[in-house]
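Have a look at final.cif; it's mmCIF, C-alpha atoms and all ligand atoms:
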data_run
#
loop_
_atom_site.label_atom_id
_atom_site.label_comp_id
_atom_site.auth_asym_id
_atom_site.auth_seq_id
_atom_site.Cartn_x
_atom_site.Cartn_y
_atom_site.Cartn_z
CA MET A 1 -28.37 -54.74 18.34
CA LYS A 2 -28.42 -57.34 21.10
CA THR A 3 -31.24 -58.30 23.43
CA LEU A 4 -30.73 -59.88 26.85
CA ASN A 5 -33.50 -61.06 29.12
CA VAL A 6 -33.94 -60.48 32.83
CA ASP A 7 -35.60 -63.71 33.79
CA LEU A 8 -38.14 -62.98 36.51
CA GLY A 9 -41.17 -65.01 35.53
CA ALA A 10 -44.15 -62.74 34.95
CA ARG A 11 -41.93 -59.71 35.58
CA SER A 12 -39.30 -60.69 32.98
CA TYR A 13 -38.14 -57.97 30.60
CA PRO A 14 -35.72 -57.34 27.76
CA ILE A 15 -32.59 -55.20 27.77
CA THR A 16 -31.95 -54.09 24.21
CA ILE A 17 -28.49 -52.69 23.51
CA GLY A 18 -27.22 -51.01 20.37
CA PRO A 19 -26.42 -47.80 18.53
CA GLY A 20 -29.33 -45.59 17.48
CA MET A 21 -31.90 -47.31 19.70
CA LEU A 22 -33.46 -43.92 20.46
CA ASP A 23 -34.73 -43.85 16.88
CA ASP A 24 -36.51 -47.19 17.12
CA ALA A 25 -40.12 -46.04 17.36
CA ASP A 26 -41.59 -49.54 17.18
CA MET A 27 -39.59 -50.80 20.11
CA LEU A 28 -40.61 -47.86 22.27
CA ARG A 29 -44.29 -48.01 21.33
CA GLU A 30 -44.39 -51.75 21.94
CA ALA A 31 -42.73 -51.33 25.33
CA ILE A 32 -45.25 -48.68 26.37
CA GLY A 33 -48.33 -50.69 25.62
CA GLY A 34 -50.76 -48.46 27.59
CA ASN A 35 -52.75 -45.33 26.80
CA SER A 36 -50.35 -42.57 27.84
CA ALA A 37 -46.78 -41.81 28.88
CA VAL A 38 -44.89 -39.33 31.01
CA ILE A 39 -41.20 -38.93 30.29
CA VAL A 40 -39.02 -37.91 33.23
CA SER A 41 -35.64 -36.43 32.38
CA ASN A 42 -33.39 -33.66 33.64
CA GLU A 43 -32.23 -30.25 32.47
CA THR A 44 -28.99 -31.67 31.00
CA VAL A 45 -30.34 -34.72 29.19
CA ALA A 46 -33.66 -33.28 27.97
CA PRO A 47 -32.11 -30.76 25.55
CA LEU A 48 -29.97 -33.57 24.10
CA TYR A 49 -32.44 -36.42 23.67
CA LEU A 50 -36.02 -35.62 24.74
CA LYS A 51 -37.31 -34.57 21.31
CA ARG A 52 -36.12 -37.83 19.75
CA VAL A 53 -38.08 -39.86 22.26
CA GLU A 54 -41.15 -37.61 22.08
CA ALA A 55 -41.19 -37.98 18.28
CA HIS A 56 -42.25 -41.60 18.72
CA LEU A 57 -45.20 -40.75 20.96
CA LYS A 58 -47.40 -39.01 18.38
CA GLY A 59 -51.01 -40.04 18.79
CA LEU A 60 -50.39 -41.09 22.39
CA ARG A 61 -51.20 -38.69 25.22
CA HIS A 62 -47.89 -37.70 26.76
CA GLU A 63 -45.87 -34.99 28.46
CA ALA A 64 -42.42 -34.49 29.93
CA VAL A 65 -41.26 -33.56 33.41
CA VAL A 66 -37.78 -32.04 33.44
CA LEU A 67 -36.04 -32.19 36.81
CA PRO A 68 -33.00 -30.26 38.04
CA ASP A 69 -29.76 -32.17 37.54
CA GLY A 70 -27.77 -33.75 40.34
CA GLU A 71 -27.51 -36.34 43.10
CA ALA A 72 -28.42 -33.59 45.58
CA TYR A 73 -31.94 -33.58 44.06
CA LYS A 74 -32.50 -37.30 44.57
CA THR A 75 -34.80 -36.62 47.51
CA LEU A 76 -38.41 -37.30 48.45
CA THR A 77 -39.46 -33.75 47.51
CA ILE A 78 -38.34 -34.24 43.89
CA LEU A 79 -41.32 -36.55 43.51
CA ASP A 80 -43.70 -33.58 43.84
CA PRO A 81 -43.35 -32.25 40.28
CA ILE A 82 -43.77 -35.78 38.91
CA PHE A 83 -46.89 -36.54 40.95
CA ASN A 84 -48.26 -33.06 40.24
CA ALA A 85 -47.95 -33.62 36.49
CA LEU A 86 -49.50 -37.08 36.75
CA LEU A 87 -52.46 -35.90 38.81
CA LYS A 88 -53.09 -32.63 36.98
CA GLY A 89 -53.03 -34.56 33.71
CA HIS A 90 -55.41 -37.24 35.05
CA TYR A 91 -52.96 -39.97 34.10
CA ASP A 92 -54.44 -43.32 35.07
CA ARG A 93 -53.02 -46.73 35.89
CA ASN A 94 -52.40 -47.47 32.21
CA THR A 95 -49.77 -44.76 32.09
CA THR A 96 -46.12 -45.59 31.55
CA LEU A 97 -43.37 -43.52 33.14
CA ILE A 98 -40.24 -43.30 31.00
CA ALA A 99 -36.90 -42.57 32.67
CA LEU A 100 -34.62 -40.76 30.22
CA GLY A 101 -31.28 -40.04 31.86
CA GLY A 102 -28.67 -41.41 34.23
CA GLY A 103 -29.08 -43.38 37.42
CA VAL A 104 -30.48 -40.44 39.36
CA VAL A 105 -33.37 -39.93 36.94
CA GLY A 106 -33.84 -43.70 36.72
CA ASP A 107 -34.02 -44.24 40.49
CA ILE A 108 -36.42 -41.31 40.99
CA THR A 109 -38.68 -42.24 38.08
CA GLY A 110 -38.78 -45.88 39.10
CA PHE A 111 -39.81 -44.90 42.61
CA ALA A 112 -42.50 -42.58 41.26
CA ALA A 113 -43.74 -45.47 39.10
CA ALA A 114 -43.69 -47.85 42.07
CA THR A 115 -45.84 -45.54 44.16
CA TYR A 116 -48.14 -43.61 41.80
CA GLN A 117 -51.58 -45.17 42.29
CA ARG A 118 -49.65 -48.02 43.99
CA GLY A 119 -47.73 -48.85 40.86
CA VAL A 120 -47.66 -48.15 37.14
CA ASN A 121 -45.41 -49.41 34.34
CA PHE A 122 -42.08 -47.83 33.66
CA LEU A 123 -39.35 -47.99 31.05
CA GLN A 124 -35.68 -47.27 31.42
CA ILE A 125 -33.81 -45.37 28.71
CA PRO A 126 -30.43 -44.99 30.44
CA THR A 127 -28.02 -42.41 29.03
CA THR A 128 -24.92 -42.77 31.25
CA LEU A 129 -22.53 -45.69 31.21
CA LEU A 130 -23.32 -46.32 34.87
CA ALA A 131 -27.05 -46.47 34.18
CA GLN A 132 -26.58 -48.64 31.09
CA VAL A 133 -24.48 -51.25 32.92
CA ASP A 134 -26.15 -51.20 36.31
CA SER A 135 -28.88 -48.91 37.60
CA SER A 136 -31.44 -49.39 34.79
CA VAL A 137 -31.48 -53.15 35.41
CA GLY A 138 -32.83 -54.91 38.48
CA GLY A 139 -35.65 -52.76 39.78
CA LYS A 140 -33.99 -51.01 42.72
CA THR A 141 -35.65 -47.59 42.83
CA GLY A 142 -35.58 -44.85 45.43
CA VAL A 143 -34.21 -41.64 46.82
CA ASN A 144 -31.63 -40.56 49.38
CA HIS A 145 -32.18 -39.37 52.96
CA PRO A 146 -29.76 -36.92 54.60
CA LEU A 147 -28.79 -39.72 56.97
CA GLY A 148 -28.36 -42.46 54.39
CA LYS A 149 -28.08 -43.22 50.71
CA ASN A 150 -31.07 -44.82 48.90
CA MET A 151 -32.81 -45.30 52.23
CA ILE A 152 -36.33 -44.68 50.90
CA GLY A 153 -37.33 -46.87 47.98
CA ALA A 154 -39.02 -49.88 46.50
CA PHE A 155 -38.30 -52.82 44.26
CA HIS A 156 -40.17 -52.16 41.02
CA GLN A 157 -38.98 -53.74 37.78
CA PRO A 158 -39.12 -51.85 34.48
CA LYS A 159 -41.04 -53.31 31.54
CA ALA A 160 -38.02 -52.85 29.29
CA VAL A 161 -34.57 -51.31 29.23
CA ILE A 162 -33.56 -49.59 26.00
CA VAL A 163 -29.85 -48.80 25.77
CA ASP A 164 -28.70 -46.50 22.98
CA THR A 165 -24.92 -46.77 23.15
CA GLU A 166 -24.53 -43.61 21.06
CA THR A 167 -25.87 -41.45 23.90
CA LEU A 168 -22.49 -42.00 25.56
CA ASN A 169 -20.93 -39.75 22.90
CA THR A 170 -22.07 -36.70 24.87
CA LEU A 171 -21.18 -38.02 28.32
CA PRO A 172 -18.39 -36.12 30.17
CA ASP A 173 -15.16 -38.09 30.75
CA ARG A 174 -15.55 -37.98 34.54
CA GLU A 175 -18.98 -39.64 34.24
CA LEU A 176 -17.59 -42.29 31.90
CA SER A 177 -14.97 -43.18 34.51
CA ALA A 178 -17.65 -43.33 37.21
CA GLY A 179 -19.53 -45.86 35.10
CA LEU A 180 -16.38 -47.94 34.71
CA ALA A 181 -16.35 -48.50 38.48
CA GLU A 182 -19.55 -50.55 38.25
CA VAL A 183 -18.19 -52.36 35.17
CA ILE A 184 -15.02 -53.35 37.07
CA LYS A 185 -17.28 -54.45 39.94
CA TYR A 186 -18.72 -57.31 37.87
CA GLY A 187 -15.23 -58.62 37.14
CA LEU A 188 -14.39 -58.55 40.83
CA ILE A 189 -17.63 -60.18 41.99
CA ASN A 190 -17.74 -63.34 39.90
CA ASP A 191 -16.31 -62.81 36.42
CA ALA A 192 -12.51 -63.02 36.58
CA PRO A 193 -12.17 -63.46 32.77
CA PHE A 194 -14.02 -60.15 32.35
CA PHE A 195 -11.59 -58.52 34.80
CA ASP A 196 -8.72 -59.81 32.61
CA TRP A 197 -10.47 -58.44 29.52
CA LEU A 198 -10.85 -55.06 31.24
CA GLU A 199 -7.13 -54.98 32.03
CA HIS A 200 -6.48 -55.33 28.30
CA HIS A 201 -9.21 -52.97 27.07
CA ILE A 202 -9.54 -50.19 29.64
CA ASP A 203 -7.85 -47.70 27.31
CA ASP A 204 -10.26 -48.64 24.49
CA LEU A 205 -13.14 -47.98 26.87
CA LEU A 206 -11.75 -44.61 27.90
CA ALA A 207 -11.34 -43.80 24.19
CA ARG A 208 -15.01 -44.84 23.72
CA ASP A 209 -14.20 -47.45 21.11
CA PRO A 210 -17.77 -48.50 20.11
CA ASP A 211 -17.05 -52.24 19.98
CA ALA A 212 -15.32 -52.28 23.36
CA VAL A 213 -18.00 -50.13 24.98
CA THR A 214 -20.81 -52.26 23.59
CA TYR A 215 -19.13 -55.46 24.73
CA ALA A 216 -18.59 -54.05 28.24
CA ILE A 217 -22.25 -53.02 28.47
CA GLU A 218 -23.50 -56.40 27.25
CA ARG A 219 -21.26 -58.38 29.57
CA SER A 220 -22.10 -56.17 32.55
CA CYS A 221 -25.84 -56.43 31.89
CA ALA A 222 -25.56 -60.20 31.49
CA ASN A 223 -23.83 -60.42 34.87
CA LYS A 224 -26.39 -58.18 36.53
CA ALA A 225 -29.36 -59.93 34.94
CA GLN A 226 -28.10 -63.29 36.19
CA ILE A 227 -27.63 -62.08 39.77
CA VAL A 228 -30.99 -60.28 39.86
CA ALA A 229 -32.83 -63.29 38.40
CA ALA A 230 -31.38 -65.47 41.16
CA ASP A 231 -32.29 -63.13 44.01
CA GLU A 232 -34.61 -60.31 42.98
CA ARG A 233 -35.15 -58.84 46.46
CA GLU A 234 -31.65 -59.22 47.86
CA THR A 235 -32.31 -61.90 50.42
CA GLY A 236 -28.90 -63.39 49.65
CA THR A 237 -26.54 -63.30 46.70
CA ARG A 238 -27.77 -60.03 45.19
CA ALA A 239 -25.93 -58.26 48.02
CA LEU A 240 -22.73 -59.10 46.12
CA LEU A 241 -23.68 -56.21 43.80
CA ASN A 242 -22.96 -54.01 46.80
CA LEU A 243 -19.20 -54.60 46.57
CA GLY A 244 -17.55 -51.31 47.56
CA HIS A 245 -20.90 -49.71 48.37
CA THR A 246 -20.84 -49.79 52.18
CA PHE A 247 -17.68 -47.68 52.08
CA GLY A 248 -18.83 -45.81 48.98
CA HIS A 249 -22.24 -44.82 50.29
CA ALA A 250 -20.56 -43.61 53.50
CA ILE A 251 -18.34 -41.36 51.37
CA GLU A 252 -21.27 -40.03 49.34
CA THR A 253 -23.40 -39.29 52.40
CA GLY A 254 -20.53 -38.05 54.57
CA MET A 255 -19.10 -35.72 51.94
CA GLY A 256 -22.51 -34.42 50.84
CA TYR A 257 -24.46 -35.93 47.94
CA GLY A 258 -22.89 -35.02 44.62
CA GLN A 259 -19.43 -34.14 45.91
CA TRP A 260 -18.12 -37.58 45.02
CA LEU A 261 -19.86 -39.25 42.10
CA HIS A 262 -21.46 -42.57 42.99
CA GLY A 263 -19.03 -44.45 40.73
CA GLU A 264 -16.04 -42.65 42.23
CA ALA A 265 -17.14 -43.51 45.75
CA VAL A 266 -17.74 -47.14 44.72
CA GLY A 267 -14.31 -47.31 43.06
CA CYS A 268 -12.67 -46.11 46.26
CA GLY A 269 -14.92 -48.43 48.27
CA MET A 270 -13.82 -51.40 46.16
CA HIS A 271 -10.20 -50.51 46.89
CA MET A 272 -11.05 -50.37 50.62
CA ALA A 273 -12.86 -53.73 50.46
CA ALA A 274 -9.91 -55.24 48.63
CA ALA A 275 -7.38 -53.76 51.07
CA MET A 276 -9.46 -55.11 53.96
CA SER A 277 -9.56 -58.51 52.29
CA VAL A 278 -5.75 -58.49 52.13
CA ALA A 279 -5.63 -57.55 55.82
CA GLN A 280 -7.92 -60.54 56.44
CA GLY A 281 -5.48 -62.78 54.62
CA TRP A 282 -8.11 -63.61 51.98
CA LEU A 283 -6.70 -61.73 48.99
CA GLU A 284 -3.16 -61.75 47.62
CA ASN A 285 -1.19 -58.50 47.68
CA GLY A 286 -0.60 -58.92 43.97
CA GLU A 287 -4.36 -59.04 43.37
CA LEU A 288 -4.82 -55.79 45.30
CA THR A 289 -2.13 -54.24 43.12
CA ARG A 290 -3.97 -55.37 39.97
CA ILE A 291 -7.26 -53.96 41.29
CA ASP A 292 -5.73 -50.63 42.26
CA ARG A 293 -3.92 -50.36 38.95
CA LEU A 294 -7.12 -50.96 36.98
CA LEU A 295 -9.06 -48.44 39.09
CA ALA A 296 -6.30 -45.86 38.62
CA ARG A 297 -6.16 -46.49 34.85
CA ALA A 298 -9.95 -45.95 34.78
CA LYS A 299 -9.22 -42.58 36.44
CA LEU A 300 -10.99 -43.49 39.65
CA PRO A 301 -9.85 -42.37 43.12
CA VAL A 302 -8.53 -45.01 45.52
CA THR A 303 -7.80 -42.78 48.52
CA PRO A 304 -10.72 -42.19 50.88
CA PRO A 305 -11.37 -38.56 51.86
CA LEU A 306 -9.38 -37.46 54.90
CA GLU A 307 -12.44 -35.46 56.05
CA LEU A 308 -14.03 -38.75 57.18
CA ASP A 309 -12.20 -40.20 60.15
CA ALA A 310 -12.75 -43.75 61.38
CA PRO A 311 -15.54 -42.95 63.91
CA ARG A 312 -17.46 -40.96 61.28
CA PHE A 313 -17.00 -43.75 58.72
CA ARG A 314 -18.33 -46.26 61.25
CA GLU A 315 -21.32 -44.06 62.07
CA LEU A 316 -22.18 -43.68 58.38
CA MET A 317 -21.65 -47.38 57.66
CA SER A 318 -23.91 -48.38 60.55
CA VAL A 319 -27.02 -47.36 58.56
CA ASP A 320 -26.12 -49.58 55.60
CA LYS A 321 -29.05 -51.72 54.43
CA LYS A 322 -26.99 -54.87 54.84
CA VAL A 323 -26.79 -54.31 58.62
CA LEU A 324 -28.80 -57.06 60.34
CA ASP A 325 -29.47 -57.10 64.09
CA GLY A 326 -26.76 -54.48 64.53
CA HIS A 327 -24.16 -56.54 62.68
CA LEU A 328 -22.38 -54.99 59.74
CA ARG A 329 -22.14 -57.24 56.70
CA LEU A 330 -19.56 -56.42 54.07
CA VAL A 331 -18.78 -57.67 50.59
CA LEU A 332 -15.17 -58.83 50.66
CA LEU A 333 -12.93 -60.72 48.25
CA HIS A 334 -11.41 -64.18 48.42
CA GLY A 335 -9.82 -63.48 45.07
CA ILE A 336 -10.56 -61.56 41.88
CA GLY A 337 -13.96 -62.91 40.78
CA ARG A 338 -14.66 -64.45 44.20
CA ALA A 339 -16.69 -62.02 46.31
CA VAL A 340 -18.52 -63.01 49.50
CA VAL A 341 -21.02 -61.28 51.78
CA THR A 342 -19.95 -61.75 55.37
CA SER A 343 -20.19 -60.39 58.90
CA GLU A 344 -17.34 -62.66 59.95
CA PHE A 345 -14.36 -60.42 59.56
CA ASP A 346 -11.64 -59.36 61.93
CA PRO A 347 -12.51 -55.91 63.39
CA ALA A 348 -8.80 -55.11 63.16
CA ALA A 349 -8.96 -55.49 59.38
CA LEU A 350 -11.77 -52.92 59.23
CA ASP A 351 -9.83 -50.63 61.60
CA PHE A 352 -6.88 -50.93 59.25
CA VAL A 353 -8.69 -49.50 56.23
CA LEU A 354 -10.60 -46.90 58.22
CA THR A 355 -7.75 -45.54 60.30
CA ARG A 356 -4.90 -45.71 57.82
CA PRO A 357 -6.41 -44.40 54.59
CA ASP A 358 -2.97 -43.33 53.39
CA ALA A 359 -1.63 -46.87 53.74
CA ALA A 360 -4.80 -48.73 52.79
N1 LIG B 401 -30.92 -48.65 41.08
C1 LIG B 401 -29.73 -49.22 41.01
O1 LIG B 401 -29.59 -50.43 40.93
C2 LIG B 401 -28.52 -48.34 40.98
C3 LIG B 401 -27.29 -48.87 40.60
C4 LIG B 401 -26.19 -48.03 40.55
C5 LIG B 401 -26.33 -46.69 40.84
N2 LIG B 401 -27.53 -46.20 41.20
C6 LIG B 401 -27.71 -44.77 41.45
O2 LIG B 401 -27.45 -44.09 40.24
C7 LIG B 401 -27.00 -42.78 40.53
C8 LIG B 401 -25.77 -42.48 39.71
O3 LIG B 401 -26.13 -42.55 38.35
P1 LIG B 401 -25.24 -41.83 37.23
O4 LIG B 401 -23.82 -42.13 37.46
O5 LIG B 401 -25.87 -42.16 35.94
O6 LIG B 401 -25.40 -40.29 37.60
P2 LIG B 401 -26.43 -39.18 37.09
O7 LIG B 401 -27.75 -39.72 36.84
O8 LIG B 401 -26.29 -38.04 38.03
O9 LIG B 401 -25.81 -38.75 35.68
C9 LIG B 401 -24.50 -38.22 35.65
C10 LIG B 401 -24.45 -36.86 34.92
O10 LIG B 401 -24.47 -37.09 33.53
C11 LIG B 401 -25.51 -36.33 32.91
N3 LIG B 401 -25.90 -37.09 31.75
C12 LIG B 401 -26.66 -38.19 31.70
N4 LIG B 401 -26.66 -38.72 30.47
C13 LIG B 401 -25.90 -37.90 29.71
C14 LIG B 401 -25.51 -37.92 28.35
N5 LIG B 401 -25.83 -38.93 27.54
N6 LIG B 401 -24.74 -36.91 27.89
C15 LIG B 401 -24.35 -35.92 28.73
N7 LIG B 401 -24.65 -35.86 30.02
C16 LIG B 401 -25.43 -36.86 30.51
C17 LIG B 401 -26.52 -36.18 34.00
O11 LIG B 401 -27.39 -35.09 33.74
C18 LIG B 401 -25.63 -35.97 35.21
O12 LIG B 401 -25.18 -34.61 35.24
C19 LIG B 401 -26.76 -42.72 42.01
O13 LIG B 401 -27.82 -42.05 42.64
C20 LIG B 401 -26.74 -44.16 42.42
O14 LIG B 401 -27.12 -44.35 43.75
C21 LIG B 401 -28.63 -46.99 41.27
O1 LIG B 402 -28.69 -53.67 42.02
C1 LIG B 402 -28.14 -53.84 43.12
O2 LIG B 402 -28.54 -54.72 43.91
C2 LIG B 402 -27.01 -53.01 43.54
O3 LIG B 402 -26.60 -53.07 44.68
C3 LIG B 402 -26.41 -52.11 42.51
C4 LIG B 402 -25.62 -50.95 43.09
O4 LIG B 402 -24.63 -50.61 42.13
C5 LIG B 402 -26.47 -49.70 43.30
O5 LIG B 402 -25.64 -48.64 43.66
C6 LIG B 402 -27.62 -49.84 44.27
O6 LIG B 402 -28.45 -48.71 44.21
C7 LIG B 402 -27.17 -49.99 45.69
O7 LIG B 402 -28.25 -50.47 46.38
P1 LIG B 402 -28.47 -50.22 47.93
O8 LIG B 402 -29.57 -51.16 48.25
O9 LIG B 402 -27.20 -50.51 48.63
O10 LIG B 402 -28.87 -48.81 48.09
ZN ZN B 403 -23.74 -48.73 42.61
#

Show this structure as C-alpha cells.
Amino acid sequence: MKTLNVDLGARSYPITIGPGMLDDADMLREAIGGNSAVIVSNETVAPLYLKRVEAHLKGLRHEAVVLPDGEAYKTLTILDPIFNALLKGHYDRNTTLIALGGGVVGDITGFAAATYQRGVNFLQIPTTLLAQVDSSVGGKTGVNHPLGKNMIGAFHQPKAVIVDTETLNTLPDRELSAGLAEVIKYGLINDAPFFDWLEHHIDDLLARDPDAVTYAIERSCANKAQIVAADERETGTRALLNLGHTFGHAIETGMGYGQWLHGEAVGCGMHMAAAMSVAQGWLENGELTRIDRLLARAKLPVTPPLELDAPRFRELMSVDKKVLDGHLRLVLLHGIGRAVVTSEFDPAALDFVLTRPDAA
C-alpha cells in the first residue's frame, strides 16, 4: 500500500493505492468522518463491489443510489435521483457522498457533492484505470451538455481517494486501453523518463501485471497531484493536463457521447496535437513516430473520425474551456515531456491536422 498526498493546504487529501483496499474498513470509516453516507455507483459496478463497501458502513446511516451506466447519462438530469435520495432521506451537511465507479460516476457524484446544500464531503473510490490515474484526483467535477463536454461543473476536492488496484481485474480490455491514454499523457506532458518506462512496459500493463499497473498508477497520481497542487483552479499550468483534450472532447461531443470512449478520444487527440506540433516545427518526426507507436501498442486509435470534417471540428473546438476572448489555446509539444499551453500557433498547422486526417 502506498499513500500520496495532494497538497492543497486545508483541502489536502491522501490518495491510498494498493490491492484489497476495498476491504479496509478503518480507512473508509476514517475518511467518512460524518454521521451518514450515500454511495453513488452504477448498474455495472454496483453488483461487483457495492456490498463490500456497504459492509464497512454498519452502524452508520447509509444508502446507495445506482445510476444507469454510460457517458450518455453524464447529464444534469442524472443528478435528480441523487438529490431525491438525499432529500427524501433527510441527509444533512454532515453526509459524505461516496463515488464508487469510473470517471463518469466520479464526476457526477463530485458535482452532486459540490452542490447539495452548497457542498458536502465526498470520497472517491475509483474502479477504472482512467479514474485511478486521473479523474478521481484534482477535484474537477461536472456533467456534459449536448453542445460541449464537461461544460457544467465545479471544482470540489474529495476528502480522500481510495484506489483498490484489484478492481481492475474485472475491467474490460477496451476500458484498460482507454485508461492508458491518460497514463501516456503524463509522460508526454512533463515526465519523459516515464514515457521511456511506458515504452518498455506497455505490454506488461496490457497483461495487467500487478507490479507494473501499480507503478503506473502511483507515478500518474504523483504527476497529477503535483500539477493540481501548483494550480488547483487551472489558471495556468493545470491546463497542461488537457493535452489531447481539445481535439478529444470535440470527437466525443461530435460523435455522440459514449461512441468514442474518453480515453480513446484523448489518445487520438494527443496524436493530433503531436502531429500539429511537428507541423509547427516544434517536435521531431521521430518523436511523433514514438508517440504513435506507443498509442497503437496501447490499442488506442490515432485516426480521427472521418465524420467530423474541419469546419465541424473547429465549431466543436470553439467551445473548449481554454478559449479566452475568442482565442483557441491548445496544449502542444516542444518534445516528449515538454508540453506547453499556447494560442500562438500557425493556423496552417491546425488546418493540416484537421483537413488531412489520413496524413496527420
Ligand atoms: N474529473 C476529471 O479530472 C476527469 C479526468 C479524466 C476523465 N474524466 C471523465 O471521466 C469519464 C471517463 O471515465 P472512465 O473511463 O472511467 O469511464 P466510465 O466511468 O464510463 O467507466 C468505463 C466503463 O467501465 C465500467 N466499470 C467501471 N469500473 C469497472 C470495473 N472495476 N470492472 C468492470 N467494469 C467497470 C463502467 O461501468 C463503464 O461501463 C469521462 O466522462 C471523462 O470526461 C474526468
Ligand atoms: O484534471 C484536469 O485538469 C484535467 O484536465 C484532466 C482531464 O484528463 C479530464 O478529462 C478533465 O475532465 C478535462 O477537464 P476539462 O476542464 O477540459 O473538461
Ligand atoms: Zn481526460

Q: Produce as a VMD selection string the set of residues near ligand ZN 403 (chain B), where near means within 10 Å with only C-alpha atoms and all ligand atoms considered.
A: chain A and resid 103 130 to 131 134 to 135 178 to 179 181 to 183 185 241 to 245 248 to 249 262 to 267

Q | Spatial neighbours of Met27 of chain A, max dist 10 Å, all atoms listed in the file, sep filter under 4 positions, as a list of chain:residue names | A |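 Skipping anything fewer than 4 positions along the chain leaves A:Thr16, A:Met21, A:Leu22, A:Asp23, A:Ala31, A:Ile32, A:His56, A:Ala160, A:Ile162.
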
(Q) Which residues are close to Glu307 of chain A, i.e. within 10 Å by all atoms listed in the file, leaving aside same-chain residues fewer than 6 positions away? Reply as a ChimeraX atom specification. (A) /A:251,254-255,313

Mind dumping a table of every chain A residue within 7 Å of ligand LIG 401 (chain B), with the nearest atom pair and its distance in Å to one decimal, using only C-alpha atoms and all ligand atoms, sorted by chain and rising number, as CSV?
residue,atom,partner,partner_atom,distance
A:Asn42,CA,B:LIG401,O11,6.2
A:Glu43,CA,B:LIG401,O11,7.0
A:Thr44,CA,B:LIG401,O11,4.7
A:Val45,CA,B:LIG401,O11,5.4
A:Asp69,CA,B:LIG401,O11,5.3
A:Gly70,CA,B:LIG401,O8,5.1
A:Glu71,CA,B:LIG401,O8,5.5
A:Lys74,CA,B:LIG401,O13,6.9
A:Gly101,CA,B:LIG401,C12,5.0
A:Gly102,CA,B:LIG401,O7,3.2
A:Gly103,CA,B:LIG401,O3,3.2
A:Val104,CA,B:LIG401,O7,3.8
A:Val105,CA,B:LIG401,O7,5.6
A:Asp107,CA,B:LIG401,N1,5.4
A:Thr127,CA,B:LIG401,N4,4.2
A:Thr128,CA,B:LIG401,N4,4.5
A:Leu129,CA,B:LIG401,O5,6.8
A:Leu130,CA,B:LIG401,O4,5.0
A:Ala131,CA,B:LIG401,O5,4.8
A:Asp134,CA,B:LIG401,C3,5.0
A:Ser135,CA,B:LIG401,C3,3.4
A:Ser136,CA,B:LIG401,N1,6.4
A:Val137,CA,B:LIG401,O1,6.4
A:Gly138,CA,B:LIG401,O1,6.0
A:Gly139,CA,B:LIG401,N1,6.4
A:Lys140,CA,B:LIG401,N1,4.2
A:Thr141,CA,B:LIG401,N1,5.2
A:Asn150,CA,B:LIG401,O14,6.5
A:Thr167,CA,B:LIG401,N5,4.4
A:Leu168,CA,B:LIG401,N5,4.9
A:Asn169,CA,B:LIG401,N5,6.8
A:Thr170,CA,B:LIG401,N6,4.0
A:Leu171,CA,B:LIG401,N6,3.8
A:Pro172,CA,B:LIG401,C15,6.1
A:Glu175,CA,B:LIG401,C9,5.9
A:Ala178,CA,B:LIG401,O4,6.3
A:Gly179,CA,B:LIG401,O4,6.2
A:Leu261,CA,B:LIG401,O4,6.7
A:His262,CA,B:LIG401,C19,5.4
A:Gly263,CA,B:LIG401,O4,6.2

Q: Counting all atoms listed in the file, figure out which residue out of A:Tyr186, A:Ile202, A:Leu354, A:Thr237 gets nearest to Ser220 of chain A.
A: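 For Ser220 of chain A, the nearest of the candidates is A:Tyr186.
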
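Shortest atom-to-atom contact with Ala72 of chain A among A:Val353, A:Val319, A:Leu206, A:Val143: A:Val143, counting only C-alpha atoms.
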
(Q) Could you list, as a ChimeraX atom specification, every residue within 12 Å of Glu344 of chain A, counting all atoms listed in the file and ignoring same-chain residues fewer than 5 positions away? (A) /A:277,280,327-332,349-350

Q.
Considering all atoms listed in the file, can you say which of A:Ala225, A:Met151, A:Val341, A:Leu97 comes closest to Thr3 of chain A?
A.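 Answer, going by the shortest atom-to-atom distance: A:Ala225.
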
Q | Among the residues A:Asp204, A:Asp351, A:Glu287, A:Glu252, the one that comes closest to ligand LIG 402 (chain B) [using only C-alpha atoms and all ligand atoms] | A |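 The closest residue to ligand LIG 402 (chain B) is A:Glu252.
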
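Atom CA of Thr235 of chain A is positioned 12.4 Å from atom C2 of ligand LIG 402 (chain B).
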
(Q) When you count all atoms listed in the file, which of these residues is closest to Pro311 of chain A: A:Ile291, A:Ala250, A:His334, A:Gly256? (A) A:Ala250

**Q.** Using only C-alpha atoms and all ligand atoms: which of A:Leu198, A:Ile336, A:Val163, A:Ile108 has the shortest distance to ligand LIG 402 (chain B)
**A.**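 Among the listed residues, the smallest separation from ligand LIG 402 (chain B) belongs to A:Ile108.
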
Q: Could you check how far atom CA of Thr289 of chain A sits from atom CA of Arg208 of chain A, in Å to one decimal?
A: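 Distance reported for this atom pair: 25.1 Å.
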
Q. Which distance in Å separates atom CA of Pro301 of chain A and atom CA of Cys268 of chain A, to one decimal?
A.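 If I compute the distance from atom CA of Pro301 of chain A to atom CA of Cys268 of chain A, I get 5.6 Å.
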
Listed atoms of ligand LIG 402 (chain B), axis-aligned box, 4 Å per side: centre and edge lengths to one decimal in Å, as lines of an AutoDock Vina configuration file?
center_x = -27.1
center_y = -51.7
center_z = 45.3
size_x = 12.9
size_y = 14.1
size_z = 14.6
